[in-house]
Each structure stands twice: as structure tokens, then as C-alpha cells.
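**Student:** Supplied in C-alpha cells, the structure appears directly below.
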Amino acid sequence: MPELKERNNLLDSFRLLAAFAVMHLHTQLGDIGYEWSSIIRFGCRWAVPFFFISAGHYLAIKNEKSTISILSIRSNLINLIGILIIASAVYIIFAWLSGYMWFHNDVKYLFIGSFWHIWFIGSMIFAYIMLWFIDEVLGRRLLYICGTITLLGCIIISEFSFLLPLKISYEEIPRFISGFAFMTLGMLLSKINFSQVNRFFLLTLAIISLCVVFIELYVGKIGNYINLYQIELSLGSALLAITLFICSQVLTTEKNMMSIIGKRYSLFIYLYHILIFKMISKIFVMLKINPDSTYIFFPLLALASLLLGVYSLEKKAPKLLAVLNGKMTNGVTTK
């Protein structure tokens, strides 16, 4: 198997920012109002696509000169399946204790997990399997074509469903297969040599991406075509994710605290921040603090709590931390 290139520190730093952005998507944001809540959520929607793109990037590095094989994705699949099982078990206990039973007696929850944000893990498992199958059977070129068509379809269904004669919910199959689309995009982007890209181009691309986001916000608001608070994927969020990925390939940085945390704990933060939100909310109720005025601070408080928790687990219960990360076998790691 080819050796992985040196770890990209800036990309890992962006993974931490992506985890922090996701936390803003999963809280009510308090009494700042519907308009500001919509803007914050819409501006954070780049995070999940970025996670998928970065995963596709590292997969492409491992299989740069060869077809994707089951052997090359074996460790990824084992770790992800372990994460899906463990995280689902944790949230079943959470649901039982809190009385918020999100999942029902339906086979689909075997694939998307027992709580609403764990779909990301099931989607990535599906993406790895589809990437291997299509690359093995149809070839890399058709893989890129399938991924591109899937990505365009997901964006259209998510953002422009009001134009379609057939109403399709993005939260069902389209969202689940979006992981395949963005991981394919990550593989495709990894083939491009960004060494000649200058900072002016990056700035221009960033401005264009932000302009698209603001145009979508403005058009959605005045036309009332889309529910900006609920929309999960837009053209602007996809462009922002691509822009940040390109930045990570053009710009360089030394290993730092953000890159270390992003590499090691971004997925852990994504998985378990809901539990911390619930704990913080309970504490505020006990202290008789109005949560509506404090929800906007939940992501920052939860991030600090999670990092403190991870540090404590590393020191006192490393095996438990490994299990929570889905690593149930010795010697199997996800690169």
C-alpha cells in the first residue's frame, strides 16, 4: 500500500473549525432571532461537506496509482462500523434516560444510527463501499462522472426542490448519498496540482463563495422560496467547503494545537457534543439561568468541556476513549 504523504496541518485545523461549525447547527442559538439564526446556520453548512471532501482526499492519496481495493479501505470500514455501533448504543442510553426517543422500529436506523446526527457515519460507510465498487467495476473516470451527477442532484433537491415536479425530501436518500458525492469530489480535487495557485486567486474564490451564500440568503428571504433555517446543502456551502479545501492545499502551517485537536478529536467532538449540550442545559436550569439567552454560547462551552473530557479520558481511561471512537480491535486505525 502506498505511504501517505505528510499530514496536512491546515486541513486538520479546518477539521476542528468544521466540528465547531456543526455544533452551531445543532443548537437553538437562543433568542438572537430567526433571521440571525438562519444566517449562522446557512454560513456553517460548509462543515459536513468539508469532512467528506477531506476523507476523499486522503483516500485518493492512498490509492493514487491503484484502483481502490477492499484492503485499502478495510481499516476505515472497521473503524466507522465500530463508531456507528458504539455511538448508537450511547445515544440509545441517552434517549432512554432523557425520554427523547428519536429512532423508531425501522430498519433504516441500522444504517443511519440511533440519533439524528449519526447519519454522517452511515453515509461515510456507504460512500467507501460505493467508491470501491464503482472504481473496481466501472473505473475511475466513470466514478468521477457518477460523483459529479450525484452532487448536482443533491444540491438541486436540497435547495431547489420547489422547482421540481416530484417532491423529494433531502433528509432521506439524497442526504445519505451526499457523502459519496463529496468524497468523490475530494478524490477529484486531490488530482489537481495547486502549487501554481496564488493568494489572489484564493481571495477571489473566497469572495465568490461568500457572495453566492449571501445571494442565496437574500433571494431566499425576499422570495420565500426556501426555508433557510432548515436547508442543509446549498451551492454556496459546497463552494465554501471547496474553497477551504483548496486553501489547505495551497497554504501551509506548522503543526499546532488546532491541527492536533482537529486530527485526533474532530470526529469525537462531532459525535458527542449533543450529550454535552444536554448536560449544560440541565446545569443552567439548576442554576435558574434562562437558556434562551445562553444558547449562542453552547458551542463554545461544549467544545471546552469536550476537550477537557478527552484530555481526562486520555490520561485516566484511554481504553474507554478508544471504544467511544469505535476502535474495538487492536492495530486497526483510520488514516
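We name chains A, B, ... following the order of the C-alpha cells; residues begin at 1 in each chain, and ligands are numbered from 1 as shown.
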Check stretch 80-112 of chain A with DSSP on the backbone and list each residue it calls helix (DSSP H, G or I), as a list of chain:residue names.
**Tutor:**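 Output for stretch 80-112 of chain A, helix (DSSP H, G or I) only: A:Leu80, A:Ile81, A:Gly82, A:Ile83, A:Leu84, A:Ile85, A:Ile86, A:Ala87, A:Ser88, A:Ala89, A:Val90, A:Tyr91, A:Ile92, A:Ile93, A:Phe94, A:Ala95, A:Trp96, A:Leu97, A:Ser98, A:Tyr109, A:Leu110, A:Phe111, A:Ile112.
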**Student:** For the selection you just gave me, I'd like the residues written to a file as a PDB file, in the first residue's frame, keeping N, CA and C atoms.
**Tutor:**
ATOM      1  N   LEU A  80     -15.266   2.824  11.189  1.00  0.00           N
ATOM      2  CA  LEU A  80     -16.549   3.511  11.044  1.00  0.00           C
ATOM      3  C   LEU A  80     -17.713   2.659  11.521  1.00  0.00           C
ATOM      4  N   ILE A  81     -17.676   1.365  11.226  1.00  0.00           N
ATOM      5  CA  ILE A  81     -18.740   0.477  11.714  1.00  0.00           C
ATOM      6  C   ILE A  81     -18.704   0.421  13.237  1.00  0.00           C
ATOM      7  N   GLY A  82     -17.490   0.381  13.797  1.00  0.00           N
ATOM      8  CA  GLY A  82     -17.360   0.409  15.251  1.00  0.00           C
ATOM      9  C   GLY A  82     -17.935   1.688  15.841  1.00  0.00           C
ATOM     10  N   ILE A  83     -17.647   2.818  15.200  1.00  0.00           N
ATOM     11  CA  ILE A  83     -18.180   4.104  15.659  1.00  0.00           C
ATOM     12  C   ILE A  83     -19.706   4.115  15.588  1.00  0.00           C
ATOM     13  N   LEU A  84     -20.258   3.611  14.494  1.00  0.00           N
ATOM     14  CA  LEU A  84     -21.714   3.587  14.332  1.00  0.00           C
ATOM     15  C   LEU A  84     -22.368   2.762  15.435  1.00  0.00           C
ATOM     16  N   ILE A  85     -21.773   1.619  15.756  1.00  0.00           N
ATOM     17  CA  ILE A  85     -22.335   0.740  16.784  1.00  0.00           C
ATOM     18  C   ILE A  85     -22.238   1.389  18.165  1.00  0.00           C
ATOM     19  N   ILE A  86     -21.046   1.871  18.507  1.00  0.00           N
ATOM     20  CA  ILE A  86     -20.823   2.429  19.837  1.00  0.00           C
ATOM     21  C   ILE A  86     -21.626   3.718  20.038  1.00  0.00           C
ATOM     22  N   ALA A  87     -21.552   4.637  19.055  1.00  0.00           N
ATOM     23  CA  ALA A  87     -22.276   5.902  19.183  1.00  0.00           C
ATOM     24  C   ALA A  87     -23.783   5.660  19.256  1.00  0.00           C
ATOM     25  N   SER A  88     -24.276   4.710  18.480  1.00  0.00           N
ATOM     26  CA  SER A  88     -25.707   4.390  18.531  1.00  0.00           C
ATOM     27  C   SER A  88     -26.092   3.848  19.899  1.00  0.00           C
ATOM     28  N   ALA A  89     -25.235   2.998  20.467  1.00  0.00           N
ATOM     29  CA  ALA A  89     -25.509   2.461  21.797  1.00  0.00           C
ATOM     30  C   ALA A  89     -25.520   3.572  22.844  1.00  0.00           C
ATOM     31  N   VAL A  90     -24.560   4.485  22.741  1.00  0.00           N
ATOM     32  CA  VAL A  90     -24.504   5.609  23.687  1.00  0.00           C
ATOM     33  C   VAL A  90     -25.774   6.443  23.599  1.00  0.00           C
ATOM     34  N   TYR A  91     -26.242   6.705  22.389  1.00  0.00           N
ATOM     35  CA  TYR A  91     -27.417   7.560  22.234  1.00  0.00           C
ATOM     36  C   TYR A  91     -28.727   6.822  22.513  1.00  0.00           C
ATOM     37  N   ILE A  92     -28.716   5.495  22.446  1.00  0.00           N
ATOM     38  CA  ILE A  92     -29.892   4.747  22.910  1.00  0.00           C
ATOM     39  C   ILE A  92     -30.040   4.922  24.422  1.00  0.00           C
ATOM     40  N   ILE A  93     -28.916   4.831  25.129  1.00  0.00           N
ATOM     41  CA  ILE A  93     -28.939   5.063  26.580  1.00  0.00           C
ATOM     42  C   ILE A  93     -29.361   6.503  26.875  1.00  0.00           C
ATOM     43  N   PHE A  94     -28.805   7.444  26.102  1.00  0.00           N
ATOM     44  CA  PHE A  94     -29.169   8.854  26.274  1.00  0.00           C
ATOM     45  C   PHE A  94     -30.660   9.064  26.040  1.00  0.00           C
ATOM     46  N   ALA A  95     -31.191   8.446  24.980  1.00  0.00           N
ATOM     47  CA  ALA A  95     -32.615   8.588  24.661  1.00  0.00           C
ATOM     48  C   ALA A  95     -33.480   8.015  25.783  1.00  0.00           C
ATOM     49  N   TRP A  96     -33.053   6.879  26.315  1.00  0.00           N
ATOM     50  CA  TRP A  96     -33.811   6.233  27.389  1.00  0.00           C
ATOM     51  C   TRP A  96     -33.814   7.096  28.657  1.00  0.00           C
ATOM     52  N   LEU A  97     -32.661   7.683  28.989  1.00  0.00           N
ATOM     53  CA  LEU A  97     -32.561   8.498  30.197  1.00  0.00           C
ATOM     54  C   LEU A  97     -33.277   9.842  30.055  1.00  0.00           C
ATOM     55  N   SER A  98     -33.218  10.425  28.848  1.00  0.00           N
ATOM     56  CA  SER A  98     -33.798  11.751  28.646  1.00  0.00           C
ATOM     57  C   SER A  98     -35.261  11.707  28.231  1.00  0.00           C
ATOM     58  N   TYR A 109     -32.635   2.632  10.566  1.00  0.00           N
ATOM     59  CA  TYR A 109     -31.800   3.117  11.658  1.00  0.00           C
ATOM     60  C   TYR A 109     -30.576   2.232  11.890  1.00  0.00           C
ATOM     61  N   LEU A 110     -30.558   1.047  11.256  1.00  0.00           N
ATOM     62  CA  LEU A 110     -29.344   0.238  11.269  1.00  0.00           C
ATOM     63  C   LEU A 110     -28.252   0.894  10.446  1.00  0.00           C
ATOM     64  N   PHE A 111     -28.651   1.765   9.520  1.00  0.00           N
ATOM     65  CA  PHE A 111     -27.691   2.414   8.617  1.00  0.00           C
ATOM     66  C   PHE A 111     -27.391   3.857   9.015  1.00  0.00           C
ATOM     67  N   ILE A 112     -28.348   4.537   9.638  1.00  0.00           N
ATOM     68  CA  ILE A 112     -28.134   5.950   9.978  1.00  0.00           C
ATOM     69  C   ILE A 112     -27.956   6.176  11.471  1.00  0.00           C
TER      70      ILE A 112
END
**Student:** Skip stretch 191-200 of chain A itself and residues of its chain fewer than 4 positions away, then list as a PyMOL selection string all residues within 10 Å of it, counting only C-alpha atoms.
**Tutor:** chain A and resi 57+60-61+64+186-187+204-206+246-251
**Student:** In terms of the shortest atom-to-atom distance over only C-alpha atoms, which of A:Lys255, A:Arg264, A:Lys167, A:His26 is closest to A:Tyr311?
**Tutor:** A:Arg264
**Student:** With distances taken over only C-alpha atoms, which of A:Asn63, A:Leu71, A:Leu131, A:Gly43 is nearest to A:Leu239?
**Tutor:** A:Gly43
**Student:** Got a sec: who's within 12 Å of A:Gly33, counting only C-alpha atoms, leaving out chain neighbours fewer than 6 positions off, as a ChimeraX atom specification?
**Tutor:** /A:39-40,229,292-293,295-296
**Student:** Residues within 9 Å of A:Leu16, please, as a CSV table (one decimal) with all heavy atoms, in the first residue's frame. Count only C-alpha atoms; anything in the same chain fewer than 3 positions from it doesn't count.
**Tutor:**
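The resulting around-v3.csv:
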chain,number,residue,atom,x,y,z
A,11,LEU,N,-5.4,21.5,6.9
A,11,LEU,CA,-6.6,20.8,6.7
A,11,LEU,C,-7.1,20.3,8.0
A,11,LEU,O,-8.3,20.3,8.3
A,11,LEU,CB,-6.3,19.7,5.7
A,11,LEU,CG,-7.6,18.9,5.2
A,11,LEU,CD1,-7.4,18.4,3.8
A,11,LEU,CD2,-7.9,17.7,6.1
A,12,ASP,N,-6.2,19.8,8.8
A,12,ASP,CA,-6.7,19.3,10.2
A,12,ASP,C,-7.2,20.4,11.0
A,12,ASP,O,-8.1,20.2,11.8
A,12,ASP,CB,-5.5,18.6,10.9
A,12,ASP,CG,-5.2,17.2,10.3
A,12,ASP,OD1,-6.1,16.6,9.8
A,12,ASP,OD2,-4.0,16.8,10.4
A,13,SER,N,-6.6,21.6,10.9
A,13,SER,CA,-7.1,22.8,11.6
A,13,SER,C,-8.5,23.1,11.2
A,13,SER,O,-9.4,23.4,12.0
A,13,SER,CB,-6.2,24.0,11.5
A,13,SER,OG,-4.9,23.7,12.0
A,19,ALA,N,-15.9,21.0,12.9
A,19,ALA,CA,-16.6,20.4,14.1
A,19,ALA,C,-17.3,21.5,14.9
A,19,ALA,O,-18.5,21.3,15.3
A,19,ALA,CB,-15.7,19.6,14.9
A,20,PHE,N,-16.6,22.6,15.1
A,20,PHE,CA,-17.2,23.7,15.8
A,20,PHE,C,-18.4,24.3,15.1
A,20,PHE,O,-19.4,24.7,15.7
A,20,PHE,CB,-16.1,24.8,16.0
A,20,PHE,CG,-16.5,25.9,17.0
A,20,PHE,CD1,-17.0,25.6,18.2
A,20,PHE,CD2,-16.5,27.3,16.5
A,20,PHE,CE1,-17.3,26.7,19.1
A,20,PHE,CE2,-16.9,28.3,17.4
A,20,PHE,CZ,-17.3,28.0,18.7
A,21,ALA,N,-18.3,24.4,13.7
A,21,ALA,CA,-19.4,24.9,12.9
A,21,ALA,C,-20.6,24.0,13.0
A,21,ALA,O,-21.8,24.4,13.1
A,21,ALA,CB,-19.0,25.0,11.4
A,258,MET,N,-4.4,23.5,17.2
A,258,MET,CA,-5.6,23.3,16.4
A,258,MET,C,-5.5,22.1,15.5
A,258,MET,O,-6.5,21.3,15.3
A,258,MET,CB,-5.9,24.6,15.5
A,258,MET,CG,-6.6,25.7,16.3
A,258,MET,SD,-7.1,27.0,15.2
A,258,MET,CE,-8.4,26.2,14.2
A,259,SER,N,-4.4,22.0,14.8
A,259,SER,CA,-4.2,20.8,13.9
A,259,SER,C,-4.2,19.5,14.6
A,259,SER,O,-4.7,18.5,14.1
A,259,SER,CB,-2.9,21.0,13.0
A,259,SER,OG,-1.8,20.9,13.8
A,261,ILE,N,-5.7,18.8,17.6
A,261,ILE,CA,-7.0,18.6,18.0
A,261,ILE,C,-7.9,18.2,16.8
A,261,ILE,O,-8.7,17.3,16.9
A,261,ILE,CB,-7.6,19.8,18.7
A,261,ILE,CG1,-6.8,20.1,20.0
A,261,ILE,CG2,-9.1,19.6,19.1
A,261,ILE,CD1,-7.2,21.4,20.7
A,262,GLY,N,-7.8,18.9,15.7
A,262,GLY,CA,-8.6,18.6,14.6
A,262,GLY,C,-8.3,17.2,14.0
A,262,GLY,O,-9.3,16.5,13.7
A,263,LYS,N,-7.1,16.8,14.0
A,263,LYS,CA,-6.8,15.4,13.5
A,263,LYS,C,-7.3,14.3,14.5
A,263,LYS,O,-7.9,13.3,14.0
A,263,LYS,CB,-5.2,15.3,13.4
A,263,LYS,CG,-4.8,13.9,13.1
A,263,LYS,CD,-3.3,13.8,13.1
A,263,LYS,CE,-2.8,12.3,12.9
A,263,LYS,NZ,-1.3,12.2,13.0
A,265,TYR,N,-9.4,14.6,17.3
A,265,TYR,CA,-10.7,14.7,18.1
A,265,TYR,C,-11.9,15.3,17.4
A,265,TYR,O,-13.0,15.4,17.9
A,265,TYR,CB,-10.5,15.5,19.4
A,265,TYR,CG,-9.3,15.0,20.2
A,265,TYR,CD1,-8.3,15.9,20.6
A,265,TYR,CD2,-9.2,13.7,20.6
A,265,TYR,CE1,-7.3,15.4,21.4
A,265,TYR,CE2,-8.2,13.2,21.4
A,265,TYR,CZ,-7.2,14.1,21.8
A,265,TYR,OH,-6.1,13.6,22.5
A,266,SER,N,-11.7,15.8,16.1
A,266,SER,CA,-12.8,16.4,15.4
A,266,SER,C,-14.0,15.5,15.3
A,266,SER,O,-15.2,15.9,15.5
A,266,SER,CB,-12.4,16.9,14.1
A,266,SER,OG,-11.9,15.9,13.3
A,267,LEU,N,-13.8,14.2,15.0
A,267,LEU,CA,-14.9,13.3,14.9
A,267,LEU,C,-15.6,13.0,16.3
A,267,LEU,O,-16.8,12.9,16.4
A,267,LEU,CB,-14.5,12.0,14.3
A,267,LEU,CG,-15.6,10.9,14.0
A,267,LEU,CD1,-16.7,11.5,13.2
A,267,LEU,CD2,-15.0,9.7,13.4
A,269,ILE,N,-15.7,15.1,18.7
A,269,ILE,CA,-16.5,16.3,19.0
A,269,ILE,C,-17.8,16.3,18.3
A,269,ILE,O,-18.9,16.6,18.9
A,269,ILE,CB,-15.7,17.6,18.7
A,269,ILE,CG1,-14.5,17.8,19.6
A,269,ILE,CG2,-16.6,18.8,18.7
A,269,ILE,CD1,-13.5,18.8,19.1
**Student:** Out of A:Ile125, A:Asn105, A:Trp119, A:Ile155, which residue has the shortest atom-to-atom distance to A:Asn79 when counting only C-alpha atoms?
**Tutor:**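 When distances to A:Asn79 are compared using only C-alpha atoms, the smallest one comes from A:Ile125.
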**Student:** From the options A:Tyr128, A:Ile208, A:Val323, A:Phe298, which residue's atoms come nearest to A:Ile283, counting only C-alpha atoms?
**Tutor:**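 Checking each candidate against A:Ile283, we get A:Phe298 as the closest.
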**Student:** Using only C-alpha atoms, pick whichever of A:Leu163, A:Leu151, A:Met183, A:Leu303 has the shortest atom-to-atom distance to A:Ser54.
**Tutor:** A:Met183
**Student:** What is the atom CA of A:Leu240-atom CA of A:Leu10 distance in Å, reported with one decimal?
**Tutor:**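 Straight-line distance from atom CA of A:Leu240 to atom CA of A:Leu10 works out to 15.5 Å.
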**Student:** Can you pull out every residue within 12 Å of A:Gly309, counting only C-alpha atoms, but drop anything in the same chain fewer than 2 positions away, and send it as a list in words?
**Tutor:** Tyr265, Phe268, Ile269, Tyr272, His273, Ile276, Ala302, Leu303, Ala304, Ser305, Leu306, Leu307, Tyr311, Ser312, Leu313, Glu314, Lys315, Lys316, Ala317, Pro318, Leu320 and Leu321 of chain A
**Student:** Would you write out those residues with N, CA and C atoms, as a compact mmCIF listing (two decimals), in the first residue's frame?
**Tutor:**
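Full text of selection09.txt as output:
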# COMPACT_ATOMS: atom_id res chain seq x y z
N TYR A 265 -9.45 14.65 17.35
CA TYR A 265 -10.69 14.72 18.11
C TYR A 265 -11.87 15.32 17.37
N PHE A 268 -14.75 12.92 17.31
CA PHE A 268 -15.26 12.73 18.67
C PHE A 268 -16.14 13.91 19.07
N ILE A 269 -15.70 15.13 18.75
CA ILE A 269 -16.49 16.34 19.05
C ILE A 269 -17.82 16.29 18.30
N TYR A 272 -20.27 13.51 20.04
CA TYR A 272 -20.76 13.55 21.41
C TYR A 272 -21.10 14.95 21.93
N HIS A 273 -21.08 15.96 21.06
CA HIS A 273 -21.40 17.30 21.56
C HIS A 273 -22.88 17.42 21.96
N ILE A 276 -23.18 16.82 25.62
CA ILE A 276 -22.69 17.96 26.41
C ILE A 276 -23.71 19.09 26.39
N ALA A 302 -19.46 23.78 25.10
CA ALA A 302 -19.40 22.35 24.83
C ALA A 302 -18.03 21.95 24.30
N LEU A 303 -17.44 22.78 23.45
CA LEU A 303 -16.12 22.47 22.92
C LEU A 303 -15.09 22.41 24.04
N ALA A 304 -15.12 23.39 24.93
CA ALA A 304 -14.19 23.40 26.07
C ALA A 304 -14.41 22.17 26.95
N SER A 305 -15.67 21.82 27.18
CA SER A 305 -15.98 20.66 28.03
C SER A 305 -15.51 19.36 27.38
N LEU A 306 -15.72 19.24 26.08
CA LEU A 306 -15.31 18.02 25.37
C LEU A 306 -13.80 17.86 25.37
N LEU A 307 -13.08 18.96 25.14
CA LEU A 307 -11.62 18.88 25.12
C LEU A 307 -11.09 18.53 26.51
N TYR A 311 -9.11 15.03 27.30
CA TYR A 311 -7.82 15.06 27.98
C TYR A 311 -7.85 14.15 29.21
N SER A 312 -8.94 14.20 29.96
CA SER A 312 -9.07 13.37 31.16
C SER A 312 -9.14 11.88 30.80
N LEU A 313 -9.90 11.57 29.75
CA LEU A 313 -10.00 10.17 29.32
C LEU A 313 -8.67 9.64 28.82
N GLU A 314 -7.91 10.46 28.11
CA GLU A 314 -6.61 10.04 27.63
C GLU A 314 -5.68 9.67 28.78
N LYS A 315 -5.76 10.42 29.86
CA LYS A 315 -4.89 10.21 31.00
C LYS A 315 -5.36 9.07 31.89
N LYS A 316 -6.68 8.97 32.10
CA LYS A 316 -7.22 8.04 33.10
C LYS A 316 -7.92 6.82 32.51
N ALA A 317 -8.47 6.95 31.30
CA ALA A 317 -9.22 5.82 30.73
C ALA A 317 -9.04 5.77 29.21
N PRO A 318 -7.81 5.56 28.73
CA PRO A 318 -7.56 5.57 27.29
C PRO A 318 -8.32 4.49 26.53
N LEU A 320 -11.34 3.37 27.28
CA LEU A 320 -12.71 3.86 27.11
C LEU A 320 -12.78 4.87 25.98
N LEU A 321 -11.80 5.76 25.89
CA LEU A 321 -11.77 6.74 24.81
C LEU A 321 -11.68 6.03 23.46
**Student:** Residues within 7 Å of A:Ser237, please, as a JSON list (two decimals) with N, CA and C atoms, in the first residue's frame. Count only C-alpha atoms; anything in the same chain fewer than 4 positions from it doesn't count.
**Tutor:**
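What follows is the written file around36.json:
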[["chain", "number", "residue", "atom", "x", "y", "z"],
["A", 45, "ARG", "N", -23.00, 25.63, 7.02],
["A", 45, "ARG", "CA", -23.35, 24.41, 6.29],
["A", 45, "ARG", "C", -22.20, 23.82, 5.48],
["A", 46, "TRP", "N", -21.08, 24.52, 5.38],
["A", 46, "TRP", "CA", -19.92, 24.00, 4.66],
["A", 46, "TRP", "C", -19.24, 22.86, 5.41],
["A", 213, "VAL", "N", -23.31, 32.65, -1.18],
["A", 213, "VAL", "CA", -24.06, 32.41, 0.05],
["A", 213, "VAL", "C", -25.00, 33.56, 0.36],
["A", 233, "LEU", "N", -28.00, 21.74, 2.39],
["A", 233, "LEU", "CA", -26.95, 21.81, 1.37],
["A", 233, "LEU", "C", -27.33, 22.84, 0.33],
["A", 241, "ALA", "N", -16.88, 24.94, 1.14],
["A", 241, "ALA", "CA", -16.12, 23.75, 1.51],
["A", 241, "ALA", "C", -14.97, 23.52, 0.53]]
**Student:** Would you mind telling me which residue in A:Phe180, A:Trp36, A:Phe52, A:Phe162 lies nearest to A:Leu143 when using only C-alpha atoms?
**Tutor:**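 Looking at the shortest contact to A:Leu143, the residue is A:Phe180.
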**Student:** For A:Gly153, list every protein, DNA or RNA residue within 12 Å, evaluated using only C-alpha atoms, and leave out those in the same chain fewer than 6 positions away; present the list as a ChimeraX atom specification.
**Tutor:** /A:146-147,159-161,164,168,170,173-175,177-178,181,233-235
